[in-house]
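Source file: input_10.txt. Holds: compact mmCIF, C-alpha atoms.
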```txt
# COMPACT_ATOMS: atom_id res chain seq x y z
CA MET B 1 -21.76 -7.76 11.33
CA LEU B 2 -18.27 -8.76 10.18
CA GLU B 3 -17.61 -12.49 10.43
CA PRO B 4 -14.51 -13.61 12.40
CA HIS B 5 -12.48 -14.53 9.29
CA PRO B 6 -13.96 -12.56 6.39
CA LEU B 7 -11.01 -13.26 4.09
CA GLU B 8 -10.81 -17.01 4.62
CA GLY B 9 -10.10 -18.73 1.30
CA LYS B 10 -8.86 -15.51 -0.29
CA THR B 11 -5.39 -14.48 -1.45
CA ALA B 12 -3.86 -11.04 -0.86
CA LEU B 13 -0.72 -9.69 -2.52
CA ILE B 14 1.01 -6.93 -0.55
CA THR B 15 3.85 -5.08 -2.26
CA GLY B 16 6.51 -3.91 0.17
CA GLY B 17 4.75 -6.12 2.68
CA ALA B 18 7.70 -7.07 4.87
CA ALA B 19 8.22 -3.86 6.85
CA ARG B 20 6.57 -0.78 8.34
CA LEU B 21 2.95 -0.17 7.25
CA GLY B 22 3.11 -3.04 4.79
CA ALA B 23 3.98 -5.54 7.50
CA MET B 24 1.17 -4.39 9.76
CA SER B 25 -1.32 -4.53 6.90
CA THR B 26 -0.08 -8.04 6.11
CA ARG B 27 -0.73 -9.06 9.71
CA PHE B 28 -4.29 -7.73 9.63
CA LEU B 29 -5.14 -9.38 6.30
CA HIS B 30 -3.66 -12.65 7.55
CA ALA B 31 -5.59 -12.46 10.82
CA ALA B 32 -8.76 -12.06 8.76
CA GLY B 33 -8.04 -15.41 7.13
CA ALA B 34 -6.23 -14.53 3.88
CA HIS B 35 -3.29 -16.35 2.40
CA VAL B 36 -0.81 -13.49 2.16
CA ILE B 37 1.77 -13.13 -0.58
CA VAL B 38 4.45 -10.80 0.76
CA HIS B 39 6.48 -9.01 -1.88
CA TYR B 40 9.78 -7.44 -0.90
CA ARG B 41 12.80 -6.03 -2.71
CA SER B 42 15.69 -6.09 -0.24
CA SER B 43 14.06 -6.73 3.16
CA SER B 44 14.72 -10.47 3.13
CA ALA B 45 15.38 -10.77 6.88
CA GLU B 46 12.20 -8.89 7.73
CA ALA B 47 10.20 -10.95 5.22
CA GLU B 48 11.45 -14.25 6.61
CA ALA B 49 10.78 -13.15 10.20
CA LEU B 50 7.24 -12.10 9.29
CA GLN B 51 6.63 -15.39 7.51
CA ALA B 52 7.82 -17.33 10.58
CA GLU B 53 5.61 -15.22 12.86
CA LEU B 54 2.46 -15.71 10.80
CA GLU B 55 3.01 -19.35 9.91
CA ALA B 56 3.38 -20.13 13.61
CA GLN B 57 -0.30 -19.16 13.76
CA ARG B 58 -1.35 -20.84 10.50
CA PRO B 59 1.15 -23.09 8.69
CA GLY B 60 1.44 -22.68 4.93
CA SER B 61 -0.40 -19.36 4.89
CA VAL B 62 2.43 -17.06 3.72
CA THR B 63 4.28 -16.93 0.40
CA LEU B 64 7.34 -14.70 -0.06
CA VAL B 65 8.19 -13.19 -3.44
CA GLN B 66 11.24 -11.03 -4.13
CA GLY B 67 11.70 -8.54 -6.95
CA ASP B 68 12.28 -4.97 -8.06
CA LEU B 69 9.10 -3.10 -8.98
CA LEU B 70 11.18 -0.77 -11.16
CA ASP B 71 11.85 -3.77 -13.40
CA PHE B 72 8.87 -3.38 -15.73
CA ALA B 73 8.99 -6.99 -16.98
CA TYR B 74 8.81 -8.25 -13.38
CA LEU B 75 5.31 -6.92 -12.77
CA SER B 76 3.49 -9.50 -14.88
CA ARG B 77 5.77 -12.24 -13.50
CA LEU B 78 4.79 -11.21 -9.99
CA VAL B 79 1.13 -11.86 -10.76
CA GLU B 80 2.06 -15.20 -12.30
CA GLU B 81 3.92 -16.14 -9.11
CA CYS B 82 0.80 -15.35 -7.08
CA LEU B 83 -1.39 -17.52 -9.28
CA LEU B 84 1.11 -20.36 -9.11
CA ALA B 85 1.06 -20.15 -5.30
CA THR B 86 -2.71 -20.29 -4.73
CA GLY B 87 -4.45 -20.29 -8.11
CA GLN B 88 -6.26 -17.03 -7.46
CA LEU B 89 -5.86 -13.39 -6.49
CA ASP B 90 -8.52 -11.53 -4.51
CA ILE B 91 -6.75 -8.48 -3.06
CA LEU B 92 -3.89 -6.34 -4.36
CA LEU B 93 -2.45 -3.90 -1.85
CA ASN B 94 -0.17 -1.46 -3.69
CA ASN B 95 1.80 -0.52 -0.59
CA ALA B 96 5.43 -0.30 -1.77
CA SER B 97 6.74 3.25 -1.81
CA ASN B 98 9.90 5.28 -1.76
CA TYR B 99 10.28 8.70 -0.19
CA PHE B 100 13.13 11.18 -0.28
CA PRO B 101 13.51 14.95 -0.72
CA THR B 102 13.88 16.52 -4.15
CA PRO B 103 14.30 20.28 -3.79
CA VAL B 104 13.59 21.89 -7.16
CA GLU B 105 17.07 23.34 -7.52
CA SER B 106 18.76 19.93 -7.18
CA ALA B 107 16.10 17.52 -8.50
CA THR B 108 17.28 15.02 -11.11
CA GLU B 109 15.69 12.90 -13.80
CA ALA B 110 16.83 9.76 -11.96
CA GLN B 111 14.96 10.89 -8.85
CA TRP B 112 11.85 11.54 -10.94
CA ASP B 113 12.06 8.07 -12.51
CA SER B 114 12.52 6.40 -9.13
CA LEU B 115 9.71 8.22 -7.32
CA PHE B 116 7.21 8.03 -10.16
CA GLY B 117 8.31 4.47 -10.94
CA VAL B 118 7.57 3.04 -7.50
CA ASN B 119 4.68 5.30 -6.48
CA ALA B 120 2.76 5.54 -9.77
CA LYS B 121 4.04 3.45 -12.68
CA ALA B 122 4.48 0.15 -10.82
CA PRO B 123 1.08 0.26 -9.05
CA PHE B 124 -0.68 1.05 -12.32
CA PHE B 125 0.92 -1.66 -14.41
CA LEU B 126 0.77 -4.20 -11.60
CA SER B 127 -2.94 -3.45 -11.31
CA LYS B 128 -3.26 -3.92 -15.06
CA ALA B 129 -1.49 -7.28 -14.87
CA ALA B 130 -3.63 -8.37 -11.92
CA ALA B 131 -6.95 -7.17 -13.34
CA PRO B 132 -7.94 -10.41 -15.16
CA ALA B 133 -7.40 -12.50 -12.01
CA LEU B 134 -9.17 -9.93 -9.83
CA ARG B 135 -12.13 -9.84 -12.21
CA GLU B 136 -12.52 -13.60 -11.84
CA THR B 137 -12.75 -13.35 -8.05
CA LEU B 138 -14.65 -10.02 -7.90
CA GLY B 139 -11.64 -8.79 -6.02
CA CYS B 140 -10.27 -5.40 -5.04
CA ILE B 141 -7.27 -3.11 -5.18
CA VAL B 142 -6.17 -0.87 -2.32
CA ASN B 143 -3.53 1.80 -2.96
CA MET B 144 -1.43 3.33 -0.21
CA VAL B 145 -1.71 7.01 -1.10
CA ASP B 146 -0.60 9.92 1.15
CA ILE B 147 -2.18 13.11 2.44
CA HIS B 148 0.58 14.92 0.52
CA ALA B 149 -1.16 13.93 -2.71
CA GLU B 150 -3.40 16.93 -1.96
CA ARG B 151 -1.15 19.03 0.28
CA PRO B 152 2.37 19.03 -1.15
CA ASN B 153 5.17 18.41 1.29
CA LEU B 154 7.74 21.22 1.18
CA GLY B 155 11.00 19.93 -0.26
CA TYR B 156 9.36 16.79 -1.67
CA PRO B 157 7.70 18.04 -4.89
CA ILE B 158 8.31 14.94 -7.01
CA TYR B 159 7.09 12.57 -4.29
CA SER B 160 3.98 14.68 -3.76
CA MET B 161 3.29 14.72 -7.51
CA ALA B 162 3.76 10.95 -7.76
CA LYS B 163 1.32 10.36 -4.93
CA ALA B 164 -1.15 12.72 -6.62
CA ALA B 165 -0.95 10.44 -9.65
CA ASN B 166 -1.48 7.48 -7.34
CA ALA B 167 -4.61 9.12 -5.93
CA MET B 168 -6.04 9.77 -9.39
CA MET B 169 -5.23 6.15 -10.25
CA VAL B 170 -7.65 5.04 -7.53
CA LYS B 171 -10.50 7.00 -9.09
CA ALA B 172 -9.63 6.19 -12.70
CA LEU B 173 -9.21 2.45 -12.13
CA ALA B 174 -12.38 2.33 -10.06
CA ARG B 175 -14.23 3.36 -13.23
CA GLU B 176 -12.13 1.32 -15.63
CA LEU B 177 -12.34 -1.96 -13.70
CA ALA B 178 -15.96 -1.71 -12.54
CA PRO B 179 -18.19 -3.53 -11.94
CA GLU B 180 -16.07 -6.58 -11.11
CA VAL B 181 -13.13 -4.95 -9.28
CA ARG B 182 -13.34 -2.37 -6.52
CA VAL B 183 -10.46 0.14 -6.20
CA ASN B 184 -9.88 2.31 -3.13
CA GLY B 185 -7.07 4.02 -1.27
CA VAL B 186 -5.77 4.85 2.19
CA ALA B 187 -3.99 8.17 2.75
CA PRO B 188 -1.83 8.02 5.89
CA GLY B 189 -0.86 11.11 7.79
CA ALA B 190 1.62 11.22 10.66
CA ILE B 191 2.09 7.52 11.37
CA LEU B 192 5.77 6.62 10.98
CA TRP B 193 8.73 8.94 10.65
CA PRO B 194 12.17 8.32 9.15
CA GLU B 195 14.80 7.31 11.68
CA GLY B 196 17.26 9.80 13.09
CA GLU B 197 17.35 13.58 13.09
CA ALA B 198 15.19 13.97 9.98
CA GLY B 199 12.42 12.01 11.63
CA GLU B 200 12.59 14.09 14.80
CA LYS B 201 12.36 17.30 12.78
CA SER B 202 9.35 15.98 10.85
CA LYS B 203 7.63 14.95 14.08
CA HIS B 204 8.29 18.33 15.72
CA HIS B 205 6.83 20.08 12.66
CA ALA B 206 3.81 17.82 12.19
CA LEU B 207 2.34 17.20 15.65
CA PRO B 208 1.19 20.78 16.37
CA ARG B 209 -0.71 20.74 13.05
CA ILE B 210 -2.78 17.65 13.86
CA PRO B 211 -6.24 18.37 15.31
CA LEU B 212 -6.16 15.17 17.38
CA ALA B 213 -2.75 16.31 18.72
CA ARG B 214 -1.10 12.92 18.44
CA ALA B 215 0.50 10.63 15.92
CA GLY B 216 -1.32 7.62 14.61
CA ARG B 217 -0.24 4.00 14.79
CA PRO B 218 0.40 1.47 12.00
CA GLU B 219 -2.63 -0.44 13.26
CA ASN B 220 -4.83 2.52 12.29
CA ILE B 221 -3.74 2.14 8.67
CA ALA B 222 -3.94 -1.65 8.62
CA ARG B 223 -7.45 -1.61 10.06
CA THR B 224 -8.56 0.75 7.28
CA VAL B 225 -6.95 -1.46 4.63
CA LEU B 226 -8.90 -4.42 6.01
CA PHE B 227 -12.10 -2.37 6.07
CA LEU B 228 -11.74 -1.48 2.40
CA ALA B 229 -10.81 -5.06 1.49
CA THR B 230 -14.04 -6.31 3.03
CA SER B 231 -16.44 -3.48 2.12
CA GLU B 232 -18.44 -4.71 -0.86
CA TYR B 233 -20.09 -1.42 -1.83
CA ILE B 234 -17.24 1.09 -1.70
CA THR B 235 -15.13 1.98 -4.73
CA GLY B 236 -13.21 5.01 -5.95
CA GLN B 237 -12.69 6.37 -2.43
CA ILE B 238 -9.58 7.45 -0.53
CA ILE B 239 -9.81 7.47 3.26
CA ALA B 240 -7.46 9.87 5.04
CA VAL B 241 -6.18 8.34 8.27
CA ASP B 242 -4.39 11.39 9.56
CA GLY B 243 -5.89 12.65 12.83
CA GLY B 244 -7.52 15.49 10.91
CA ARG B 245 -4.28 16.85 9.43
CA SER B 246 -5.82 17.15 5.95
CA ILE B 247 -8.53 19.54 7.21
CA GLN B 248 -6.14 21.76 9.14
CA GLN B 249 -5.20 25.15 7.74
```
Can you present the structure in this file as structure tokens?
Amino acid sequence: MLEPHPLEGKTALITGGAARLGAMSTRFLHAAGAHVIVHYRSSSAEAEALQAELEAQRPGSVTLVQGDLLDFAYLSRLVEECLLATGQLDILLNNASNYFPTPVESATEAQWDSLFGVNAKAPFFLSKAAAPALRETLGCIVNMVDIHAERPNLGYPIYSMAKAANAMMVKALARELAPEVRVNGVAPGAILWPEGEAGEKSKHHALPRIPLARAGRPENIARTVLFLATSEYITGQIIAVDGGRSIQQ
């Protein structure tokens, strides 16, 4: 039976943790007792609002760190900032992502570098930088993957390829960092859509293809992140939280 605050005394770093799925995952990890270190790039207002919300519940329990994950030198500094804040690191949630279309006929090298940089390169090298600290605490890494790592999204080939690399990273690092560090992933399906017309089109296209016939909620993802963060005998696994979309023809 799960204790009321299973992460009490632990520190969790959440990249892109100020908004959308990252913010909800931050809330769940915090509610479980963790000191949360919320990384953000440009969402300063959202980060400060989230910090105020959570510290109203538990003062001094949130640290904000700002930086660009595409800045390779920043990744090791980010881990150093975490250790300066609490002296330890128990959970790394590689949540930060970017997502935009790259039709083959118009795809550019800059788009490749951006999508692979945030979705594959940064999580890998941040995990590398965090590994010594995570080994000390017998900690874990959770990657935010995507069902499109296995089923490419039409019009988004580079994103789909980058998330496929992210999915393989889960399995590869689970072997490389064992036995001290567990590595798992969550693959969201239809949870949040982009704002505006593009989002409405995506929703109209996706919902009929979901066996459960409804979209999920951010809480569904955050609850799975927490499950993996507290499951001591699971590693190298990716849980699809997609209403069955990944098994649909």
Minimum-distance residue to B:Leu207, chosen among B:Pro179, B:Gly117, B:Gly243, B:Pro101 (using all atoms listed in the file)
B:Gly243
Pairwise distance for atom CA of B:Ala120 and atom CA of B:Arg77, rounded to one decimal in Å:
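Going from atom CA of B:Ala120 over to atom CA of B:Arg77, I get 18.4 Å.
Excluding B:Gln237 itself and any same-chain residue fewer than 6 positions from it, the protein and nucleic acid residues within 10 Å of it, counting only C-alpha atoms, are Val142, Ala167, Val170, Lys171, Ala174, Arg182, Val183, Asn184, Gly185, Val186 and Leu228 of chain B.
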Point out the residue among B:Glu219, B:Glu180, B:Glu3, B:Asp146 with the least atom-to-atom distance to B:Ala165, counting all atoms listed in the file.
B:Asp146
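For the residues B:Leu29, B:Ala96, B:Leu54, B:Ala240, ranking by smallest atom-to-atom distance to B:Pro6 using only C-alpha atoms places B:Leu29 first.
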Coordinates-based distance that separates atom CA of B:Phe100 from atom CA of B:Ser160 (Å, one decimal):
10.4 Å
Using all atoms listed in the file, which residues of stretch 111-184 of chain B come within 12 Å of stretch 18-25 of chain B, and what is the closest atom pair for each, with the distance in Å to one decimal? Give it as JSON lines, sorted by chain and residue number.
```
{"residue": "B:Val142", "atom": "CA", "partner": "B:Ser25", "partner_atom": "CA", "distance": 11.0}
{"residue": "B:Asn143", "atom": "CA", "partner": "B:Gly22", "partner_atom": "CA", "distance": 11.3}
{"residue": "B:Met144", "atom": "CA", "partner": "B:Gly22", "partner_atom": "CA", "distance": 9.3}
{"residue": "B:Val145", "atom": "CA", "partner": "B:Leu21", "partner_atom": "CA", "distance": 12.0}
```
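The space between atom CA of B:Ile91 and atom CA of B:Leu50 spans 19.0 Å.
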Among the residues B:Tyr159, B:Phe72, B:Phe227, B:Tyr40, the one that comes closest to B:Thr102 [using only C-alpha atoms]:
B:Tyr159
Nearest residue to B:Gly60 from the set B:Leu226, B:Val36, B:Tyr99, B:Ala130 (distances using all atoms listed in the file)
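Answer, going by the shortest atom-to-atom distance: B:Val36.
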From the list B:Pro59, B:Leu115, B:Pro208, B:Glu53, which residue is nearest B:Ala164 when using all atoms listed in the file?
B:Leu115
Pull the neighbourhood of (9.4, 19.1, 0.5) for me: all residues within 12 Å in file coordinates, counting all atoms listed in the file, as an MDAnalysis selection string.
chainID B and resid 99:105 107 148 151:161 202
Long-range neighbours of B:Asn220 as an NGL selection string, 9 Å cut-off, all atoms listed in the file, 3 positions minimum in chain:
:B and (188 or 191 or 216-217 or 223-225 or 241)
Please identify all polymer residues within 12 Å of B:Glu80, counting all atoms listed in the file, omitting same-chain residues fewer than 6 positions from it, and present them as a ChimeraX atom specification.
/B:13,37,65,73-74,86-89,126,129-130,132-133
Give me stretch 95-124 of chain B from this structure - N, CA and C atoms, as a JSON list (two decimals), in the first residue's frame.
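Written output follows (selection.json):
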```
[["chain", "number", "residue", "atom", "x", "y", "z"],
["B", 95, "ASN", "N", 10.68, 16.11, -19.26],
["B", 95, "ASN", "CA", 9.36, 16.44, -19.79],
["B", 95, "ASN", "C", 9.41, 17.46, -20.92],
["B", 96, "ALA", "N", 10.38, 18.35, -20.92],
["B", 96, "ALA", "CA", 10.42, 19.44, -21.91],
["B", 96, "ALA", "C", 10.38, 18.88, -23.33],
["B", 97, "SER", "N", 9.61, 19.55, -24.18],
["B", 97, "SER", "CA", 9.46, 19.08, -25.55],
["B", 97, "SER", "C", 9.15, 20.26, -26.45],
["B", 98, "ASN", "N", 9.40, 20.09, -27.73],
["B", 98, "ASN", "CA", 8.84, 21.02, -28.71],
["B", 98, "ASN", "C", 8.19, 20.20, -29.82],
["B", 99, "TYR", "N", 7.25, 20.82, -30.50],
["B", 99, "TYR", "CA", 6.39, 20.07, -31.42],
["B", 99, "TYR", "C", 5.89, 21.02, -32.49],
["B", 100, "PHE", "N", 6.28, 20.74, -33.73],
["B", 100, "PHE", "CA", 5.77, 21.52, -34.85],
["B", 100, "PHE", "C", 5.93, 20.70, -36.12],
["B", 101, "PRO", "N", 5.12, 20.99, -37.14],
["B", 101, "PRO", "CA", 5.14, 20.18, -38.36],
["B", 101, "PRO", "C", 6.40, 20.40, -39.17],
["B", 102, "THR", "N", 6.84, 19.33, -39.83],
["B", 102, "THR", "CA", 8.00, 19.41, -40.73],
["B", 102, "THR", "C", 7.74, 18.55, -41.95],
["B", 103, "PRO", "N", 6.83, 18.97, -42.82],
["B", 103, "PRO", "CA", 6.61, 18.20, -44.05],
["B", 103, "PRO", "C", 7.93, 17.98, -44.78],
["B", 104, "VAL", "N", 8.11, 16.82, -45.36],
["B", 104, "VAL", "CA", 9.40, 16.46, -45.95],
["B", 104, "VAL", "C", 9.86, 17.49, -46.97],
["B", 105, "GLU", "N", 8.93, 17.99, -47.78],
["B", 105, "GLU", "CA", 9.33, 18.89, -48.85],
["B", 105, "GLU", "C", 9.83, 20.25, -48.35],
["B", 106, "SER", "N", 9.52, 20.61, -47.11],
["B", 106, "SER", "CA", 9.95, 21.92, -46.60],
["B", 106, "SER", "C", 10.80, 21.82, -45.34],
["B", 107, "ALA", "N", 11.13, 20.60, -44.90],
["B", 107, "ALA", "CA", 11.90, 20.43, -43.67],
["B", 107, "ALA", "C", 13.29, 21.02, -43.80],
["B", 108, "THR", "N", 13.79, 21.59, -42.69],
["B", 108, "THR", "CA", 15.09, 22.24, -42.71],
["B", 108, "THR", "C", 16.01, 21.63, -41.65],
["B", 109, "GLU", "N", 17.29, 21.89, -41.81],
["B", 109, "GLU", "CA", 18.27, 21.41, -40.84],
["B", 109, "GLU", "C", 18.04, 22.07, -39.48],
["B", 110, "ALA", "N", 17.64, 23.33, -39.48],
["B", 110, "ALA", "CA", 17.37, 24.02, -38.21],
["B", 110, "ALA", "C", 16.22, 23.37, -37.46],
["B", 111, "GLN", "N", 15.19, 22.94, -38.20],
["B", 111, "GLN", "CA", 14.08, 22.24, -37.56],
["B", 111, "GLN", "C", 14.53, 20.91, -36.98],
["B", 112, "TRP", "N", 15.36, 20.19, -37.74],
["B", 112, "TRP", "CA", 15.92, 18.93, -37.24],
["B", 112, "TRP", "C", 16.68, 19.16, -35.94],
["B", 113, "ASP", "N", 17.56, 20.16, -35.93],
["B", 113, "ASP", "CA", 18.38, 20.42, -34.75],
["B", 113, "ASP", "C", 17.52, 20.80, -33.55],
["B", 114, "SER", "N", 16.47, 21.56, -33.78],
["B", 114, "SER", "CA", 15.60, 21.97, -32.68],
["B", 114, "SER", "C", 14.83, 20.79, -32.11],
["B", 115, "LEU", "N", 14.20, 20.00, -32.99],
["B", 115, "LEU", "CA", 13.36, 18.90, -32.53],
["B", 115, "LEU", "C", 14.19, 17.79, -31.90],
["B", 116, "PHE", "N", 15.31, 17.42, -32.54],
["B", 116, "PHE", "CA", 16.16, 16.40, -31.94],
["B", 116, "PHE", "C", 16.88, 16.95, -30.71],
["B", 117, "GLY", "N", 17.19, 18.24, -30.73],
["B", 117, "GLY", "CA", 17.89, 18.83, -29.59],
["B", 117, "GLY", "C", 17.08, 18.76, -28.31],
["B", 118, "VAL", "N", 15.82, 19.17, -28.37],
["B", 118, "VAL", "CA", 14.99, 19.20, -27.17],
["B", 118, "VAL", "C", 14.44, 17.82, -26.81],
["B", 119, "ASN", "N", 14.06, 17.04, -27.81],
["B", 119, "ASN", "CA", 13.39, 15.77, -27.55],
["B", 119, "ASN", "C", 14.32, 14.58, -27.39],
["B", 120, "ALA", "N", 15.58, 14.70, -27.79],
["B", 120, "ALA", "CA", 16.49, 13.55, -27.71],
["B", 120, "ALA", "C", 17.85, 13.93, -27.11],
["B", 121, "LYS", "N", 18.52, 14.91, -27.69],
["B", 121, "LYS", "CA", 19.86, 15.25, -27.22],
["B", 121, "LYS", "C", 19.85, 15.75, -25.79],
["B", 122, "ALA", "N", 19.01, 16.73, -25.48],
["B", 122, "ALA", "CA", 18.99, 17.29, -24.13],
["B", 122, "ALA", "C", 18.62, 16.25, -23.07],
["B", 123, "PRO", "N", 17.57, 15.44, -23.27],
["B", 123, "PRO", "CA", 17.27, 14.43, -22.25],
["B", 123, "PRO", "C", 18.42, 13.44, -22.03],
["B", 124, "PHE", "N", 19.10, 13.06, -23.11],
["B", 124, "PHE", "CA", 20.20, 12.11, -22.95],
["B", 124, "PHE", "C", 21.35, 12.71, -22.14]]
```
